[in-house]
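Undergrad: Below: one structure in structure tokens.
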Amino acid sequence: MSKKIGMISLGCPKNQVDAEIMLARLAQNGFEITDDVDGADAVIINTCGFIEDAKKEAIENILDMVELKNEGVIGKIIVTGCLAERYREEIAKEFPEVDAVVGIGSNGDICEICKNTLESDETIESFADKACLPLNGERMLTTPSYFAYLKIAEGCSNHCTYCAIPSIRGEFRSRQPEDIIKEAQDLVRSGVKEIVVVAQDTTRYGEDLYGKSALPALLTSLAKIEGLEWIRVLYCYPERITDELIDVVANNDKIVKYFDIPIQHASAPVLKRMNRVGDMDSLLSLVEKIRAKIPDVVLRTTLITGFPGETEEDFETLSEFVEKAQFDRLGCFAYSAEEGTPAARLPDQIDEDVKKERGEAIMEQQFRIFERLNEQNIGKVLRTVVEGYDAYTDTYYGRTWRDAPEIDGTVNFTCGYELNEGDFVDVEIMGINEYDLIGEVV
């Protein structure tokens, strides 16, 4: 009888892709993959270890599985992913019930690790070189059938002072374009209609291969794939958004007019301490340039409040920038001091309450902006992907092209005929409900 393996994958889409590659390998090697961990012979927890909240979530999931193991509900526990890579010794020490701790470089050996774990009472630790992390291979999709993430690179070489990713994931390394195109074609053949392009910094793609960004060329090639409805790009660093990239997005119908730009701050002194470039003027110039070339573009960003040394003046600069930029989508997070990062050793660390108060103030400011911008959608007809049906409200729900999966809003809408999950329809927007839209199929 084949052994049952359950998987809990946490964190970002890039980690999710790693999980999907591991699941496919396990299935190909005779393991039975189960959605329900109850009764699983082994449960893999593919962890995130990026910031404090992510670490807490990972630890909570480990503790939950330990409890199930002690109750005899599950068999073995295998911890993989960023937390395992970053805290390999601590996990083995603090959680003796964990049967295997696996670094990201050993993901390719997951079948052998599972087999050995199931057959042994010894704690297994496997930490191959980070560069051994598989970037190619079949995937067992854990997203809905109509969309998938497409990881085009691994690691990061930006070395922002607050970020532990380079030490966890290694330096930036691009996948070969032919491998990416083939994977995208295979995904579309399997029924995927929306591809979401991800990397730690998508705009850096190809620099290690060609000495310059190859993202515009890659997107142009992806846009030629028949049967693909939408291509969405996330994690575009502002200093690497070129005129060529803007033009490619503007001129290809399949590439949704959506820029996700992790700006983090707008005060030059704070950005410098973050090892980022730019200031409020240069960032506003970029926003204006993109909107001039793509008038209906959706701009999304993420910000950090309470970075070490952030003064009231720095915070006021950030607030002024938010008001002037008028982002369609914005997330703001209180700075998390990550051990081992340069920023954690900086002087003038900000009080936790001040960090949170500033973050909440930015989000309140952004909500007022969002409400104004969202009202402008009333009367528009927006291309929408159907994500499901809500029997309680007797409406369908989905995402317009303006909304990225799992992070942005939804639209609830009526339709005079039956729709299926993954269908694309045109929805006229009739009203708004806080972050979400209400409409009907045209």
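Numbering starts fresh at 1 for the residues of each chain in the structure tokens, the chains themselves are lettered A, B, ... in the order given, and ligands are numbered from 1 as they appear.
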Excluding same-chain residues fewer than 4 positions from Glu20 of chain A, what lies within 9 Å of it counting only C-alpha atoms, as a short mmCIF file (atom, residue, chain, number, x, y, z; two decimals) with C-alpha atoms, in the first residue's frame?

TA:
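Output saved as selection.cif:
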```cif
data_model
loop_
_atom_site.label_atom_id
_atom_site.label_comp_id
_atom_site.auth_asym_id
_atom_site.auth_seq_id
_atom_site.Cartn_x
_atom_site.Cartn_y
_atom_site.Cartn_z
CA ASN A 15 7.48 28.91 -1.71
CA GLN A 16 4.21 27.52 -3.02
CA ALA A 24 4.65 16.18 -8.18
CA ARG A 25 7.87 14.28 -7.46
CA GLU A 138 6.46 19.03 -13.19
CA ARG A 139 4.17 20.60 -10.60
CA MET A 140 1.04 19.47 -8.81
CA LEU A 141 -0.89 22.74 -8.75
CA THR A 142 -2.32 23.82 -5.41
#
```

Undergrad: Give me, as a Markdown table, the closest atom pair and its distance (Å, one decimal) for every residue of segment 69-163 of chain A within a cut-off of 12 Å of segment 398-417 of chain A, counting only C-alpha atoms, rows sorted by chain and rising number.

TA:
```
| residue | atom | partner | partner_atom | distance |
| --- | --- | --- | --- | --- |
| A:Thr143 | CA | A:Pro405 | CA | 9.7 |
| A:Pro144 | CA | A:Pro405 | CA | 10.2 |
| A:Tyr146 | CA | A:Pro405 | CA | 11.2 |
| A:Phe147 | CA | A:Pro405 | CA | 8.7 |
| A:Ala148 | CA | A:Pro405 | CA | 9.7 |
| A:Tyr149 | CA | A:Pro405 | CA | 9.9 |
```

Undergrad: Please return, as a list in words, all residues of segment 287-383 of chain A that DSSP assigns to strand (DSSP E or B) on the basis of the backbone.

TA: Val298, Leu299, Arg300, Thr301, Thr302, Leu303, Ile304, Thr305, Arg329, Leu330, Gly331, Cys332, Phe333, Ala334, Val381, Leu382 and Arg383 of chain A

Undergrad: Let me make sure I understand: among A:Glu97, A:Glu85, A:Glu310, A:Asp41, which one has the smallest atom-to-atom distance to Val66 of chain A if we use only C-alpha atoms?

TA: A:Glu97

Undergrad: What are the DSSP helix (DSSP H, G or I) residues of segment 51-291 of chain A, as a PyMOL selection string?

TA: chain A and resi 52-70+82-86+88-94+104-119+130-132+165-169+177-189+202-204+207-210+215-222+238-240+243-251+268-273+280-291

Undergrad: Segment 235-242 of chain A: which residues within 7 Å, counting only C-alpha atoms, same-chain residues fewer than 6 positions away excluded, as a ChimeraX atom specification?

TA: /A:198-203,260-263

Undergrad: Skipping near chain neighbours, those fewer than 5 positions away, what residues fall within 8 Å of Glu154 of chain A using only C-alpha atoms, listed as a compact mmCIF listing (two decimals) with N, CA, C and O atoms, in the first residue's frame?

TA:
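Output saved as selection.txt:
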```txt
# COMPACT_ATOMS: atom_id res chain seq x y z
N LEU A 135 14.52 24.17 -9.85
CA LEU A 135 13.76 25.29 -10.44
C LEU A 135 12.87 24.81 -11.58
O LEU A 135 11.99 25.54 -12.03
N ARG A 169 17.91 32.16 0.89
CA ARG A 169 17.68 31.63 -0.45
C ARG A 169 18.89 31.73 -1.39
O ARG A 169 18.87 31.17 -2.48
N GLY A 170 19.90 32.48 -0.97
CA GLY A 170 21.07 32.62 -1.82
C GLY A 170 20.96 33.78 -2.79
O GLY A 170 19.98 34.53 -2.80
N GLU A 171 21.98 33.93 -3.61
CA GLU A 171 22.02 35.03 -4.58
C GLU A 171 21.03 34.80 -5.72
O GLU A 171 20.59 33.67 -5.97
N PHE A 172 20.71 35.87 -6.42
CA PHE A 172 19.73 35.83 -7.51
C PHE A 172 20.24 34.96 -8.65
O PHE A 172 21.38 35.09 -9.09
N ARG A 173 19.40 34.06 -9.11
CA ARG A 173 19.74 33.24 -10.27
C ARG A 173 18.51 33.02 -11.14
O ARG A 173 17.49 32.52 -10.69
N SER A 174 18.62 33.42 -12.39
CA SER A 174 17.52 33.34 -13.34
C SER A 174 17.39 31.95 -13.93
O SER A 174 18.39 31.26 -14.16
N ARG A 175 16.16 31.57 -14.21
CA ARG A 175 15.93 30.34 -14.97
C ARG A 175 16.17 30.63 -16.46
O ARG A 175 16.03 31.77 -16.91
N ALA A 199 9.15 36.34 -8.75
CA ALA A 199 10.54 36.13 -8.35
C ALA A 199 10.75 37.10 -7.20
O ALA A 199 9.88 37.94 -6.92
N GLN A 200 11.86 37.04 -6.52
CA GLN A 200 12.09 38.02 -5.46
C GLN A 200 12.19 39.43 -6.04
O GLN A 200 11.79 40.40 -5.41
```

Undergrad: With distances taken over only C-alpha atoms, which residue among A:Glu183, A:Ile33, A:Phe307, A:Arg232 lies nearest Asp348 of chain A?

TA: A:Phe307

Undergrad: So what do you get for atom CA of Val427 of chain A versus atom CA of Leu150 of chain A, distance-wise?

TA: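 About the pair atom CA of Val427 of chain A and atom CA of Leu150 of chain A: they are 27.1 Å apart.
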
Undergrad: Give the answer as one residue: which of A:Thr220, A:Asp109, A:Phe95, A:Pro166 has the shortest atom-to-atom distance to Leu23 of chain A, using only C-alpha atoms?

TA: A:Asp109

Undergrad: Using only C-alpha atoms for the distances, tell me which of A:Val101, A:Ile124, A:Leu222, A:Ala334 is nearest to Val354 of chain A.

TA: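 The shortest atom-to-atom distance to Val354 of chain A comes from A:Ala334.
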
Undergrad: Choose the residue, out of A:Ala337, A:Leu271, A:Ile5, A:Ile168, that has the smallest atom-to-atom separation from Asp53 of chain A; count only C-alpha atoms.

TA: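 Checking each candidate against Asp53 of chain A, we get A:Ala337 as the closest.
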
Undergrad: Point out the residue among A:Val381, A:Val37, A:Val322, A:Leu283 with the least atom-to-atom distance to Gln366 of chain A, counting only C-alpha atoms.

TA: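 Distance minimum relative to Gln366 of chain A lands on A:Val322.
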
Undergrad: When you look at Ile45 of chain A with a cut-off of 9 Å (counting only C-alpha atoms), what residues show up, excluding the ones that are within fewer than 2 positions of it in the same chain? I need them as a ChimeraX atom specification.

TA: /A:6-10,43,47,58,61-62,65,77-81

Undergrad: Please write the residues from the selection above to a file, keeping all heavy atoms, as an mmCIF file, in the first residue's frame.

TA:
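Okay, this is what ended up in result.cif:
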```
data_model
loop_
_atom_site.group_PDB
_atom_site.id
_atom_site.type_symbol
_atom_site.label_atom_id
_atom_site.label_comp_id
_atom_site.auth_asym_id
_atom_site.auth_seq_id
_atom_site.Cartn_x
_atom_site.Cartn_y
_atom_site.Cartn_z
ATOM 1 N N GLY A 6 0.777 14.289 3.421
ATOM 2 C CA GLY A 6 0.048 15.558 3.435
ATOM 3 C C GLY A 6 1.028 16.714 3.360
ATOM 4 O O GLY A 6 2.196 16.574 3.733
ATOM 5 N N MET A 7 0.585 17.835 2.869
ATOM 6 C CA MET A 7 1.462 19.004 2.728
ATOM 7 C C MET A 7 0.743 20.247 3.237
ATOM 8 O O MET A 7 -0.398 20.518 2.853
ATOM 9 C CB MET A 7 1.862 19.198 1.257
ATOM 10 C CG MET A 7 2.549 20.506 0.940
ATOM 11 S SD MET A 7 4.308 20.535 1.328
ATOM 12 C CE MET A 7 5.007 19.716 -0.108
ATOM 13 N N ILE A 8 1.422 20.998 4.096
ATOM 14 C CA ILE A 8 0.961 22.336 4.494
ATOM 15 C C ILE A 8 2.013 23.303 3.986
ATOM 16 O O ILE A 8 3.163 23.262 4.429
ATOM 17 C CB ILE A 8 0.839 22.449 6.030
ATOM 18 C CG1 ILE A 8 -0.192 21.459 6.574
ATOM 19 C CG2 ILE A 8 0.470 23.881 6.434
ATOM 20 C CD1 ILE A 8 -0.172 21.321 8.091
ATOM 21 N N SER A 9 1.643 24.155 3.035
ATOM 22 C CA SER A 9 2.611 25.108 2.484
ATOM 23 C C SER A 9 2.243 26.517 2.922
ATOM 24 O O SER A 9 1.110 26.955 2.753
ATOM 25 C CB SER A 9 2.668 25.027 0.960
ATOM 26 O OG SER A 9 3.770 25.768 0.475
ATOM 27 N N LEU A 10 3.215 27.220 3.499
ATOM 28 C CA LEU A 10 3.000 28.554 4.061
ATOM 29 C C LEU A 10 3.812 29.587 3.280
ATOM 30 O O LEU A 10 4.752 29.251 2.567
ATOM 31 C CB LEU A 10 3.419 28.564 5.532
ATOM 32 C CG LEU A 10 2.797 27.482 6.425
ATOM 33 C CD1 LEU A 10 3.482 27.458 7.784
ATOM 34 C CD2 LEU A 10 1.298 27.711 6.585
ATOM 35 N N VAL A 43 3.469 14.254 7.290
ATOM 36 C CA VAL A 43 3.018 15.593 6.913
ATOM 37 C C VAL A 43 4.244 16.473 6.709
ATOM 38 O O VAL A 43 5.100 16.566 7.601
ATOM 39 C CB VAL A 43 2.092 16.210 7.975
ATOM 40 C CG1 VAL A 43 1.739 17.652 7.606
ATOM 41 C CG2 VAL A 43 0.827 15.386 8.134
ATOM 42 N N THR A 47 7.672 25.682 5.256
ATOM 43 C CA THR A 47 7.554 26.891 6.067
ATOM 44 C C THR A 47 8.064 28.146 5.381
ATOM 45 O O THR A 47 8.861 28.107 4.450
ATOM 46 C CB THR A 47 8.337 26.721 7.373
ATOM 47 O OG1 THR A 47 9.717 26.458 7.040
ATOM 48 C CG2 THR A 47 7.798 25.579 8.206
ATOM 49 N N ALA A 58 4.480 29.542 11.172
ATOM 50 C CA ALA A 58 5.148 28.267 10.931
ATOM 51 C C ALA A 58 5.231 27.449 12.221
ATOM 52 O O ALA A 58 4.941 26.242 12.234
ATOM 53 C CB ALA A 58 6.537 28.507 10.353
ATOM 54 N N ASN A 61 1.937 25.961 13.219
ATOM 55 C CA ASN A 61 1.596 24.783 12.415
ATOM 56 C C ASN A 61 2.404 23.563 12.847
ATOM 57 O O ASN A 61 1.879 22.442 12.874
ATOM 58 C CB ASN A 61 1.819 25.075 10.930
ATOM 59 C CG ASN A 61 0.631 25.739 10.285
ATOM 60 O OD1 ASN A 61 -0.281 25.078 9.805
ATOM 61 N ND2 ASN A 61 0.626 27.068 10.275
ATOM 62 N N ILE A 62 3.670 23.775 13.195
ATOM 63 C CA ILE A 62 4.483 22.660 13.697
ATOM 64 C C ILE A 62 3.878 22.118 15.001
ATOM 65 O O ILE A 62 3.711 20.905 15.175
ATOM 66 C CB ILE A 62 5.950 23.104 13.919
ATOM 67 C CG1 ILE A 62 6.617 23.426 12.577
ATOM 68 C CG2 ILE A 62 6.734 22.000 14.637
ATOM 69 C CD1 ILE A 62 7.996 24.075 12.703
ATOM 70 N N MET A 65 0.802 20.057 14.376
ATOM 71 C CA MET A 65 1.117 18.718 13.868
ATOM 72 C C MET A 65 1.718 17.835 14.964
ATOM 73 O O MET A 65 1.472 16.628 14.997
ATOM 74 C CB MET A 65 2.065 18.813 12.673
ATOM 75 C CG MET A 65 1.447 19.431 11.417
ATOM 76 S SD MET A 65 -0.108 18.644 10.891
ATOM 77 C CE MET A 65 -1.300 19.891 11.399
ATOM 78 N N ILE A 77 6.563 13.885 10.953
ATOM 79 C CA ILE A 77 6.541 15.322 10.653
ATOM 80 C C ILE A 77 7.851 15.699 9.977
ATOM 81 O O ILE A 77 8.937 15.431 10.507
ATOM 82 C CB ILE A 77 6.365 16.170 11.926
ATOM 83 C CG1 ILE A 77 5.053 15.808 12.636
ATOM 84 C CG2 ILE A 77 6.388 17.666 11.596
ATOM 85 C CD1 ILE A 77 4.900 16.459 14.012
ATOM 86 N N ILE A 78 7.729 16.320 8.790
ATOM 87 C CA ILE A 78 8.900 16.767 8.029
ATOM 88 C C ILE A 78 8.786 18.273 7.829
ATOM 89 O O ILE A 78 7.768 18.755 7.319
ATOM 90 C CB ILE A 78 8.965 16.057 6.657
ATOM 91 C CG1 ILE A 78 9.080 14.534 6.857
ATOM 92 C CG2 ILE A 78 10.134 16.582 5.820
ATOM 93 C CD1 ILE A 78 8.873 13.730 5.584
ATOM 94 N N VAL A 79 9.786 19.018 8.268
ATOM 95 C CA VAL A 79 9.761 20.480 8.133
ATOM 96 C C VAL A 79 10.728 20.897 7.024
ATOM 97 O O VAL A 79 11.917 20.578 7.063
ATOM 98 C CB VAL A 79 10.138 21.177 9.459
ATOM 99 C CG1 VAL A 79 10.131 22.690 9.286
ATOM 100 C CG2 VAL A 79 9.159 20.775 10.560
ATOM 101 N N THR A 80 10.193 21.601 6.015
ATOM 102 C CA THR A 80 10.994 22.097 4.891
ATOM 103 C C THR A 80 10.822 23.610 4.783
ATOM 104 O O THR A 80 10.157 24.232 5.601
ATOM 105 C CB THR A 80 10.544 21.447 3.567
ATOM 106 O OG1 THR A 80 9.177 21.841 3.302
ATOM 107 C CG2 THR A 80 10.606 19.929 3.625
ATOM 108 N N GLY A 81 11.433 24.217 3.772
ATOM 109 C CA GLY A 81 11.219 25.631 3.487
ATOM 110 C C GLY A 81 12.170 26.563 4.224
ATOM 111 O O GLY A 81 13.195 26.159 4.772
#
```

Undergrad: Which residues are close to Leu228 of chain A, i.e. within 8 Å by only C-alpha atoms, leaving aside same-chain residues fewer than 6 positions away? Reply as a PyMOL selection string.

TA: chain A and resi 188+192-195+254

Undergrad: Can you tell me how far atom CA of Arg204 of chain A sits from atom CA of Leu219 of chain A, in Å to one decimal?

TA: 13.2 Å
